[in-house]
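**Student:** Structure file entry39.txt, compact mmCIF, N, CA and C atoms, is pasted below:
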```
# COMPACT_ATOMS: atom_id res chain seq x y z
N MET A 1 50.49 61.04 49.08
CA MET A 1 51.80 61.40 48.58
C MET A 1 52.84 60.86 49.57
N PRO A 2 53.76 60.00 49.09
CA PRO A 2 54.76 59.44 49.99
C PRO A 2 55.75 60.50 50.48
N ILE A 3 56.18 60.36 51.71
CA ILE A 3 57.18 61.25 52.29
C ILE A 3 58.45 60.43 52.47
N VAL A 4 59.58 60.98 52.00
CA VAL A 4 60.86 60.31 52.13
C VAL A 4 61.79 61.18 52.96
N THR A 5 62.81 60.57 53.53
CA THR A 5 63.79 61.27 54.36
C THR A 5 65.14 61.19 53.67
N SER A 6 65.85 62.31 53.65
CA SER A 6 67.17 62.31 53.03
C SER A 6 68.21 61.83 54.03
N THR A 7 69.29 61.23 53.48
CA THR A 7 70.39 60.76 54.32
C THR A 7 71.32 61.93 54.59
N ILE A 8 72.35 61.69 55.36
CA ILE A 8 73.33 62.72 55.67
C ILE A 8 74.05 63.19 54.41
N LYS A 9 74.12 62.32 53.38
CA LYS A 9 74.74 62.68 52.11
C LYS A 9 73.76 63.35 51.15
N GLY A 10 72.51 63.53 51.55
CA GLY A 10 71.51 64.16 50.70
C GLY A 10 70.81 63.19 49.77
N GLN A 11 70.99 61.90 49.99
CA GLN A 11 70.36 60.90 49.13
C GLN A 11 68.93 60.65 49.59
N ILE A 12 68.06 60.38 48.60
CA ILE A 12 66.69 60.00 48.90
C ILE A 12 66.35 58.74 48.12
N VAL A 13 65.30 58.05 48.54
CA VAL A 13 64.83 56.86 47.83
C VAL A 13 63.52 57.23 47.15
N ILE A 14 63.47 57.02 45.84
CA ILE A 14 62.23 57.25 45.10
C ILE A 14 61.34 56.04 45.33
N PRO A 15 60.13 56.24 45.80
CA PRO A 15 59.24 55.10 46.08
C PRO A 15 59.06 54.19 44.86
N ALA A 16 58.89 52.91 45.12
CA ALA A 16 58.81 51.89 44.07
C ALA A 16 57.68 52.16 43.08
N THR A 17 56.55 52.64 43.55
CA THR A 17 55.42 52.89 42.65
C THR A 17 55.78 53.99 41.64
N ILE A 18 56.51 55.00 42.08
CA ILE A 18 56.91 56.09 41.19
C ILE A 18 57.98 55.61 40.23
N ARG A 19 58.95 54.80 40.73
CA ARG A 19 59.99 54.25 39.85
C ARG A 19 59.38 53.39 38.77
N ALA A 20 58.38 52.59 39.12
CA ALA A 20 57.73 51.73 38.13
C ALA A 20 56.97 52.56 37.10
N ARG A 21 56.28 53.59 37.56
CA ARG A 21 55.48 54.43 36.65
C ARG A 21 56.36 55.13 35.61
N PHE A 22 57.54 55.58 36.03
CA PHE A 22 58.44 56.32 35.13
C PHE A 22 59.56 55.44 34.58
N LYS A 23 59.48 54.13 34.81
CA LYS A 23 60.45 53.15 34.30
C LYS A 23 61.88 53.51 34.70
N ILE A 24 62.05 53.87 35.97
CA ILE A 24 63.38 54.19 36.51
C ILE A 24 63.95 52.90 37.09
N LYS A 25 65.09 52.50 36.58
CA LYS A 25 65.76 51.29 37.07
C LYS A 25 67.22 51.61 37.31
N LYS A 26 67.98 50.63 37.74
CA LYS A 26 69.40 50.84 38.00
C LYS A 26 70.08 51.39 36.75
N GLY A 27 70.80 52.49 36.90
CA GLY A 27 71.52 53.08 35.79
C GLY A 27 70.74 54.17 35.05
N THR A 28 69.45 54.34 35.36
CA THR A 28 68.68 55.39 34.71
C THR A 28 69.19 56.74 35.17
N GLN A 29 69.49 57.62 34.22
CA GLN A 29 69.96 58.95 34.57
C GLN A 29 68.77 59.86 34.77
N VAL A 30 68.89 60.76 35.76
CA VAL A 30 67.83 61.72 36.04
C VAL A 30 68.42 63.12 36.06
N ASN A 31 67.60 64.08 35.69
CA ASN A 31 67.99 65.49 35.74
C ASN A 31 67.37 66.07 37.01
N VAL A 32 68.18 66.71 37.84
CA VAL A 32 67.71 67.31 39.09
C VAL A 32 67.93 68.81 39.01
N TYR A 33 66.87 69.57 39.19
CA TYR A 33 67.00 71.03 39.15
C TYR A 33 65.94 71.66 40.05
N ASP A 34 66.18 72.93 40.40
CA ASP A 34 65.21 73.62 41.24
C ASP A 34 64.31 74.50 40.39
N ASP A 35 63.08 74.58 40.81
CA ASP A 35 62.07 75.37 40.11
C ASP A 35 61.41 76.28 41.15
N GLY A 36 62.16 77.30 41.56
CA GLY A 36 61.65 78.19 42.60
C GLY A 36 61.71 77.51 43.95
N ASN A 37 60.56 77.12 44.45
CA ASN A 37 60.48 76.48 45.78
C ASN A 37 60.38 74.96 45.70
N ARG A 38 60.59 74.40 44.51
CA ARG A 38 60.47 72.95 44.33
C ARG A 38 61.75 72.37 43.77
N ILE A 39 62.00 71.11 44.06
CA ILE A 39 63.10 70.35 43.46
C ILE A 39 62.47 69.38 42.47
N ILE A 40 62.92 69.41 41.24
CA ILE A 40 62.37 68.55 40.19
C ILE A 40 63.37 67.44 39.89
N VAL A 41 62.90 66.20 39.89
CA VAL A 41 63.70 65.04 39.51
C VAL A 41 63.04 64.47 38.27
N GLU A 42 63.75 64.55 37.14
CA GLU A 42 63.16 64.19 35.85
C GLU A 42 64.00 63.10 35.19
N PRO A 43 63.43 61.91 34.96
CA PRO A 43 64.21 60.86 34.29
C PRO A 43 64.52 61.25 32.85
N LEU A 44 65.74 60.95 32.41
CA LEU A 44 66.15 61.24 31.04
C LEU A 44 65.80 60.06 30.15
N ALA A 45 65.46 60.33 28.91
CA ALA A 45 65.13 59.28 27.96
C ALA A 45 66.38 58.46 27.65
N ASP A 46 66.19 57.19 27.39
CA ASP A 46 67.31 56.34 27.01
C ASP A 46 67.89 56.82 25.70
N ASP A 47 69.21 56.75 25.58
CA ASP A 47 69.88 57.12 24.34
C ASP A 47 69.77 55.92 23.39
N LEU A 48 68.90 56.03 22.41
CA LEU A 48 68.64 54.92 21.51
C LEU A 48 69.86 54.53 20.69
N ILE A 49 70.73 55.49 20.39
CA ILE A 49 71.94 55.18 19.63
C ILE A 49 72.85 54.29 20.46
N LYS A 50 73.09 54.68 21.71
CA LYS A 50 73.94 53.86 22.58
C LYS A 50 73.31 52.50 22.84
N LYS A 51 72.01 52.48 23.01
CA LYS A 51 71.31 51.25 23.31
C LYS A 51 71.40 50.25 22.15
N GLY A 52 71.36 50.76 20.91
CA GLY A 52 71.40 49.90 19.75
C GLY A 52 72.79 49.53 19.27
N ARG A 53 73.81 50.16 19.87
CA ARG A 53 75.19 49.91 19.44
C ARG A 53 75.56 48.45 19.66
N GLY A 54 76.13 47.86 18.64
CA GLY A 54 76.56 46.46 18.72
C GLY A 54 75.44 45.47 18.49
N MET A 55 74.27 45.96 18.13
CA MET A 55 73.11 45.11 17.98
C MET A 55 73.28 44.13 16.82
N LEU A 56 73.95 44.54 15.76
CA LEU A 56 74.06 43.70 14.58
C LEU A 56 75.21 42.70 14.66
N LYS A 57 76.20 42.96 15.48
CA LYS A 57 77.33 42.05 15.69
C LYS A 57 77.99 41.63 14.39
N THR A 58 78.36 42.60 13.55
CA THR A 58 78.97 42.29 12.25
C THR A 58 80.49 42.20 12.31
N LYS A 59 81.08 42.62 13.41
CA LYS A 59 82.53 42.59 13.59
C LYS A 59 83.27 43.33 12.48
N GLY A 60 82.69 44.42 12.01
CA GLY A 60 83.34 45.25 11.01
C GLY A 60 83.14 44.83 9.57
N LYS A 61 82.40 43.75 9.32
CA LYS A 61 82.20 43.26 7.96
C LYS A 61 81.48 44.30 7.10
N ILE A 62 80.48 44.96 7.67
CA ILE A 62 79.72 45.94 6.90
C ILE A 62 80.61 47.11 6.51
N LEU A 63 81.45 47.56 7.44
CA LEU A 63 82.35 48.68 7.14
C LEU A 63 83.35 48.29 6.06
N ARG A 64 83.92 47.10 6.15
CA ARG A 64 84.87 46.65 5.12
C ARG A 64 84.19 46.56 3.76
N THR A 65 82.99 46.03 3.72
CA THR A 65 82.24 45.94 2.46
C THR A 65 81.97 47.31 1.89
N LEU A 66 81.59 48.25 2.75
CA LEU A 66 81.33 49.62 2.31
C LEU A 66 82.59 50.25 1.72
N VAL A 67 83.73 50.07 2.38
CA VAL A 67 85.00 50.63 1.88
C VAL A 67 85.36 50.01 0.54
N GLU A 68 85.18 48.70 0.40
CA GLU A 68 85.46 48.03 -0.88
C GLU A 68 84.56 48.57 -1.99
N ASP A 69 83.28 48.74 -1.68
CA ASP A 69 82.33 49.30 -2.67
C ASP A 69 82.74 50.70 -3.10
N ARG A 70 83.16 51.50 -2.14
CA ARG A 70 83.58 52.87 -2.46
C ARG A 70 84.83 52.87 -3.35
N LYS A 71 85.75 51.95 -3.09
CA LYS A 71 86.95 51.84 -3.93
C LYS A 71 86.58 51.44 -5.35
N LYS A 72 85.66 50.48 -5.50
CA LYS A 72 85.23 50.04 -6.83
C LYS A 72 84.54 51.20 -7.56
N GLU A 73 83.72 51.97 -6.86
CA GLU A 73 83.05 53.11 -7.48
C GLU A 73 84.05 54.16 -7.92
N ALA A 74 85.11 54.36 -7.14
CA ALA A 74 86.12 55.35 -7.45
C ALA A 74 86.92 54.95 -8.69
N GLU A 75 87.09 53.65 -8.93
CA GLU A 75 87.83 53.15 -10.09
C GLU A 75 87.06 53.37 -11.39
N LEU A 76 85.75 53.45 -11.31
CA LEU A 76 84.92 53.59 -12.54
C LEU A 76 84.97 54.96 -13.09
```
Would you write out, as structure tokens, the structure that this file holds?

**Tutor:**
Amino acid sequence: MPIVTSTIKGQIVIPATIRARFKIKKGTQVNVYDDGNRIIVEPLADDLIKKGRGMLKTKGKILRTLVEDRKKEAEL
């Protein structure tokens, strides 16, 4: 079990083998909480909605088409 030392600011370095195992990279958010006599550091799952945002790159075309379709349906 690796031993790490905290800095004066309370920062620690998570060993590379553990970061790789839990897919922790720059920008990964972690939840830190105490569990009695232990400190738990738990990586949060990626937000798939945020990750997929802008994936289609339609520049609003889909929204405009949807609004036009709704207007045509309302006229009927």

**Student:** Nearest to A:Phe22 among A:Lys61, A:Arg53, A:Glu68, A:Pro43, with distances taken over all atoms listed in the file: which residue is it?

**Tutor:** A:Pro43

**Student:** Fewer than 5 positions away in the same chain doesn't count, so skip those; otherwise give me all residues within 9 Å of A:Gln29, counting only C-alpha atoms, as a list in words.

**Tutor:**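 Counting only the stated atoms, we get Ile24, Glu42, Pro43, Leu44, Ala45 and Asp46 of chain A.
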
**Student:** Save out the residues we just selected, N, CA and C atoms, as a compact mmCIF listing (two decimals), in the coordinates of the input.

**Tutor:**
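So out-v8.txt came out as:
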```txt
# COMPACT_ATOMS: atom_id res chain seq x y z
N ILE A 24 62.05 53.87 35.97
CA ILE A 24 63.38 54.19 36.51
C ILE A 24 63.95 52.90 37.09
N GLU A 42 63.75 64.55 37.14
CA GLU A 42 63.16 64.19 35.85
C GLU A 42 64.00 63.10 35.19
N PRO A 43 63.43 61.91 34.96
CA PRO A 43 64.21 60.86 34.29
C PRO A 43 64.52 61.25 32.85
N LEU A 44 65.74 60.95 32.41
CA LEU A 44 66.15 61.24 31.04
C LEU A 44 65.80 60.06 30.15
N ALA A 45 65.46 60.33 28.91
CA ALA A 45 65.13 59.28 27.96
C ALA A 45 66.38 58.46 27.65
N ASP A 46 66.19 57.19 27.39
CA ASP A 46 67.31 56.34 27.01
C ASP A 46 67.89 56.82 25.70
```

**Student:** Take atom C of A:Pro15 and atom CA of A:Ile3 and report the distance between them in Å, one decimal.

**Tutor:** 10.4 Å

**Student:** Going by DSSP on the backbone, which residues of chain A come out as helix (DSSP H, G or I)? List them as a VMD selection string.

**Tutor:** chain A and resid 16 to 21 48 to 52 61 to 75

**Student:** Atom CA of A:Ile49 and atom C of A:Asp69, how far apart in Å?

**Tutor:** 25.6 Å

**Student:** What gap, in Å, lies between atom CA of A:Lys23 and atom C of A:Gly36?

**Tutor:**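 About the pair atom CA of A:Lys23 and atom C of A:Gly36: they are 26.2 Å apart.
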
**Student:** Write down as a count of residues only the residues belonging to stretch 23-73 of chain A that are assigned strand (DSSP E or B) by DSSP computed on the backbone.

**Tutor:** 12

**Student:** Residues near A:Val32, anyone? I mean within 7 Å using all atoms listed in the file, not counting same-chain ones fewer than 2 positions away, as number ranges by chain.

**Tutor:** A: 30, 34, 39-42
